[in-house]
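A.B. asks: One structure is given below, represented as structure tokens, and several questions about it will come after.
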Amino acid sequence: MAMRLRQICGRLFLSRLLGCGLRTLLATIVIGLAAHLCLADENNPITLDTNETLFTMLAAMNSCGYDSDLNISDPLRATIRNEIQRNLRQSAEAQEIAGTMCLWYDAHHSQDPAHDLSQYISLALYLQGPPHFLPRVREDDLPPDAAPLANFGKQLELFYDKAQIHSLWERHRLNYAALIERYHEPLAKMVFDTDIYLKLQTGGYLGRTFTVYLDFLGDPNQANARNYGSDYFVVVFPSPDPHSAAPLKMEEIRHTYLHYLLDPLADKNYGSIKRVEPLLQSVQTAPLEESFKTDIELLVTECMIRAIEIRTTGTKQTAEAMRAQAVDDAVKQGYILTRYFYNALIKFEKDPAGLRTAYGEIIDGIDVKAEQRAASEIEFAGVAAPELVQLSRMEDRRMLSTAEKRLAAGDTKGAQELAQQALERKIGDQGRALFILAQIAVANKNRDGAQENFQRAIQASKDPKVVGWSHIYLGRILDMKEDRAAAMNEYRAALTAGAGLPEVKEAAERGLQQAYEPPVKAQP
């Protein structure tokens with residue numbers, strides 16, 4: 001209960017500071033009464049919170065070997081890990097359930113702890129709360145990185161019960177309340193300063209939400225941000241060391257908040273943004289993520305966000321040369337409109353109009369030919385900093401699922417178009433798209449094409465199901481080519497990749513016992 005009261009107080013604090021109109025707030029600050037002017041607005045879209053579902057997911061990961069940067073994490077992470085193990089040791093049934101869950105986890109994890117953390121956070125954000133942890137949407141509508149983990153909720157339900165996770169959650173409520181308290185002032189200041197600079201009123205986007213989740217059980221060097229439709233999430237694991245480079249991850253939170261503010265402006269002005277689409281050709285050789293090379297709205301928004309961050313970083317005494325260097329760095333990474341927006345913001349700062357009013361004029365001021373000429377002279381960097389916010393559009397999430405359904409229905413042409421589109425636009429698991437194309441090649445009796453795509457799927461995918469079945473299909477192709485030794489190697493690789501998947505294991509063992517022979521068509 002104490003935790004809940006503190007959470008509510010946290011929301012009230014933010015609402016008092018952020019829920020008033022900006023003009024009123026400015027006047028209030030002048031007379032020193034900002035904390036008392038407005039009543040709390042429970043409809044404020046900005047939330048600072050903790051989450052029991054996220055806590056349970058992270059607890060399960062930690063129980064199954066997720067140790068990333070444990071040595072620099074808050075000591076409470078080690079304490080909770082030990083408490084979980086103590087609870088599990090109380091019964092053989094609890095240990096068996098945890099063992100089964102960890103086998104499932106091992107079968108689905110990659111060699112990259114950051115990738116695993118990102119996947120499981122995506123899933124946690126789409127699960128209902130305890131005790132059942134059911135998906136809030138159909139599996140087809142899950143984010144692409146979470147879809148392969150959809151069945152983990154069943155494991156989580158049993159683990160939650162036997163490891164007594166709820167009792168641990170209740171026991172440490174005050175610790176989590178103190179964590180929220182630690183963020184009150186810096187988060188409120190960040191939102192206030194950002195809204196003041198952009199001359200926007202907080203809460204002005206009806207139906208949109210911005211949520212910051214805090215937890216102790218993750219890597220303090222990681223931050224995860226998501227945009228699912230009208231909902232924006234940031235999940236952070238604060239460093240216990242206040243002297244570390246960025247203990248609260250406020251830069252990451254602010255970057256996501258800028259997306260929350262600017263994305264709807266880009267949607268509203270898409271017609272104007274569409275005009276500058278020829279600039280996409282100028283970034284095809286840049287080290288950008290593929291989405292920025294194919295979606296002009298994403299590129300324009302990211303360039304504007306980076307310009308805002310550079311204009312507002314540091315103090316008035318920050319040397320302009322340092323800001324100019326930051327602009328150059330962004331441009332060389334492929335964010336080619338950063339300099340234009342940086343200069344446009346200097347003019348914007350002197351104008352009383354807010355960004356909602358000025359946005360269209362700023363976009364209309366882009367000289368496409370001049371920017372193309374400037375871009376042609378850029379020597380792009382070898383790598384670009386990865387984008388923090390993962391965008392998940394509903395139509396993109398469904399693309400590969402729809403391709404699989406079309407393939408199952410015999411529509412190989414439709415399935416191929418969707419899988420190829422997913423590859424070209426880098427949507428979802430690229431290995432899964434290649435696996436679909438390989439299956440289409442099998443259906444079309446293109447044995448060499450199938451073999452190539454199955455091999456590419458193994459290299460591209462981290463999904464044990466895709467990797468395991470790709471090895472099995474390769475084994476069958478090699479059997480048909482009468483290369484039994486190579487086929488046996490593929491079946492063994494399938495056993496390793498799909499150890500936690502009964503259907504993969506069964507097919508691999510059958511391949512090891514006997515060379516594959518294609519089914520004979522029944523005679524009419």
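Here's how to read the names in the structure tokens: chain A, B, ... by the order shown, residue numbers from 1 in each chain, ligand numbers from 1 in the order shown.
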Give me, as a ChimeraX atom specification, all polymer residues having an atom no more than 10 Å from region 478-491 of chain A, counting only C-alpha atoms and skipping those fewer than 5 positions away in the same chain.
C.D. replies: /A:447,451,468-473,496-497,504-505,507-518
A.B. asks: For region 340-442 of chain A against region 259-265 of chain A, with a cut-off of 9 Å and counting only C-alpha atoms, what is the closest atom pair and its distance in Å to one decimal for every residue that makes the cut, ordered by chain and number, as JSON lines?
C.D. replies:
{"residue": "A:Leu355", "atom": "CA", "partner": "A:Leu265", "partner_atom": "CA", "distance": 8.9}
{"residue": "A:Arg356", "atom": "CA", "partner": "A:Leu265", "partner_atom": "CA", "distance": 7.0}
{"residue": "A:Tyr359", "atom": "CA", "partner": "A:Leu265", "partner_atom": "CA", "distance": 7.3}
{"residue": "A:Gly360", "atom": "CA", "partner": "A:Leu265", "partner_atom": "CA", "distance": 8.6}
{"residue": "A:Val389", "atom": "CA", "partner": "A:His259", "partner_atom": "CA", "distance": 8.1}
A.B. asks: Could you dump the residues just selected with all heavy atoms as a short mmCIF file (atom, residue, chain, number, x, y, z; two decimals), in the first residue's frame?
C.D. replies:
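File produced: selection-v4.cif:
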data_model
loop_
_atom_site.label_atom_id
_atom_site.label_comp_id
_atom_site.auth_asym_id
_atom_site.auth_seq_id
_atom_site.Cartn_x
_atom_site.Cartn_y
_atom_site.Cartn_z
N LEU A 355 6.00 25.22 -31.68
CA LEU A 355 6.39 24.31 -32.74
C LEU A 355 5.19 23.79 -33.53
O LEU A 355 5.30 23.55 -34.73
CB LEU A 355 7.20 23.12 -32.18
CG LEU A 355 7.83 22.22 -33.24
CD1 LEU A 355 8.83 22.99 -34.09
CD2 LEU A 355 8.49 21.00 -32.61
N ARG A 356 4.04 23.64 -32.87
CA ARG A 356 2.86 23.17 -33.61
C ARG A 356 2.53 24.13 -34.75
O ARG A 356 2.14 23.72 -35.83
CB ARG A 356 1.66 23.05 -32.67
CG ARG A 356 1.60 21.75 -31.92
CD ARG A 356 0.19 21.49 -31.38
NE ARG A 356 0.22 20.38 -30.45
CZ ARG A 356 0.37 20.49 -29.15
NH1 ARG A 356 0.50 21.68 -28.60
NH2 ARG A 356 0.39 19.43 -28.37
N TYR A 359 5.87 24.24 -37.31
CA TYR A 359 6.37 23.00 -37.89
C TYR A 359 6.21 22.97 -39.41
O TYR A 359 7.16 22.67 -40.15
CB TYR A 359 5.65 21.80 -37.26
CG TYR A 359 6.19 20.46 -37.68
CD1 TYR A 359 7.17 19.82 -36.92
CD2 TYR A 359 5.73 19.81 -38.82
CE1 TYR A 359 7.67 18.58 -37.30
CE2 TYR A 359 6.23 18.57 -39.21
CZ TYR A 359 7.20 17.97 -38.44
OH TYR A 359 7.69 16.74 -38.81
N GLY A 360 5.01 23.26 -39.90
CA GLY A 360 4.75 23.19 -41.34
C GLY A 360 5.64 24.14 -42.12
O GLY A 360 6.18 23.78 -43.18
N VAL A 389 14.50 4.36 -30.04
CA VAL A 389 13.07 4.07 -30.03
C VAL A 389 12.74 3.02 -31.09
O VAL A 389 13.00 3.23 -32.28
CB VAL A 389 12.23 5.34 -30.27
CG1 VAL A 389 10.74 5.00 -30.24
CG2 VAL A 389 12.55 6.38 -29.21
#
A.B. asks: Give me every strand (DSSP E or B) residue in region 350-426 of chain A, going by DSSP on the backbone, as a PyMOL selection string.
C.D. replies: chain A and resi 389-392
A.B. asks: With all heavy atoms retained, could you export that selection as a short mmCIF file (atom, residue, chain, number, x, y, z; two decimals), in the first residue's frame?
C.D. replies:
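Saved result, out.cif, follows:
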data_model
loop_
_atom_site.label_atom_id
_atom_site.label_comp_id
_atom_site.auth_asym_id
_atom_site.auth_seq_id
_atom_site.Cartn_x
_atom_site.Cartn_y
_atom_site.Cartn_z
N VAL A 389 14.50 4.36 -30.04
CA VAL A 389 13.07 4.07 -30.03
C VAL A 389 12.74 3.02 -31.09
O VAL A 389 13.00 3.23 -32.28
CB VAL A 389 12.23 5.34 -30.27
CG1 VAL A 389 10.74 5.00 -30.24
CG2 VAL A 389 12.55 6.38 -29.21
N GLN A 390 12.17 1.92 -30.66
CA GLN A 390 11.71 0.90 -31.60
C GLN A 390 10.26 1.19 -31.97
O GLN A 390 9.39 1.23 -31.12
CB GLN A 390 11.81 -0.50 -30.97
CG GLN A 390 13.23 -0.97 -30.75
CD GLN A 390 13.28 -2.41 -30.32
OE1 GLN A 390 12.34 -3.17 -30.51
NE2 GLN A 390 14.39 -2.80 -29.69
N LEU A 391 10.07 1.39 -33.27
CA LEU A 391 8.73 1.67 -33.79
C LEU A 391 8.09 0.36 -34.22
O LEU A 391 8.71 -0.45 -34.88
CB LEU A 391 8.83 2.62 -34.99
CG LEU A 391 7.54 2.89 -35.76
CD1 LEU A 391 6.59 3.72 -34.92
CD2 LEU A 391 7.85 3.60 -37.07
N SER A 392 6.84 0.17 -33.84
CA SER A 392 6.15 -1.06 -34.22
C SER A 392 4.77 -0.70 -34.76
O SER A 392 3.85 -0.42 -34.00
CB SER A 392 6.01 -2.01 -33.03
OG SER A 392 5.41 -3.21 -33.41
#
A.B. asks: Just want the 12 Å neighbourhood of Ser63 (chain A), counted on only C-alpha atoms, with same-chain residues fewer than 3 positions away dropped. Output as a VMD selection string.
C.D. replies: chain A and resid 56 to 60 66 to 67 77 to 78 80 to 88 95 97 to 103 105 to 106 156 159 to 160 163 165 217
A.B. asks: Go through A:Arg173, A:Val137, A:Tyr270, A:Lys162 one by one, measure the shortest atom-to-atom distance of each to Arg89 (chain A) using only C-alpha atoms, and give the residue with the smallest value.
C.D. replies: A:Lys162
A.B. asks: Skip Phe435 (chain A) itself and residues of its chain fewer than 2 positions away, then list as a ChimeraX atom specification all residues within 10 Å of it, counting only C-alpha atoms.
C.D. replies: /A:404,419,429-433,437-441,450,453-458,460-461,466-467,469-470
A.B. asks: Please compute the CA of Val234 (chain A)-CA of Thr256 (chain A) distance, one decimal, in Å.
C.D. replies: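 Rounded to one decimal, the two atoms are 7.2 Å apart.
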A.B. asks: With only C-alpha atoms as the basis for distance, which of A:Gln164, A:Ser272, A:Asn151, A:Thr47 is at the shortest distance from Leu123 (chain A)?
C.D. replies: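 Ranking A:Gln164, A:Ser272, A:Asn151, A:Thr47 by distance to Leu123 (chain A), first place goes to A:Asn151.
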A.B. asks: So how far away is CA of Arg306 (chain A) from CA of Pro352 (chain A), in Å?
C.D. replies: 22.0 Å
A.B. asks: I want to know what sits within 10 Å of Ala344 (chain A), based on only C-alpha atoms, with residues of the same chain fewer than 3 positions away left out; could you give that as a count of residues only?
C.D. replies: 14
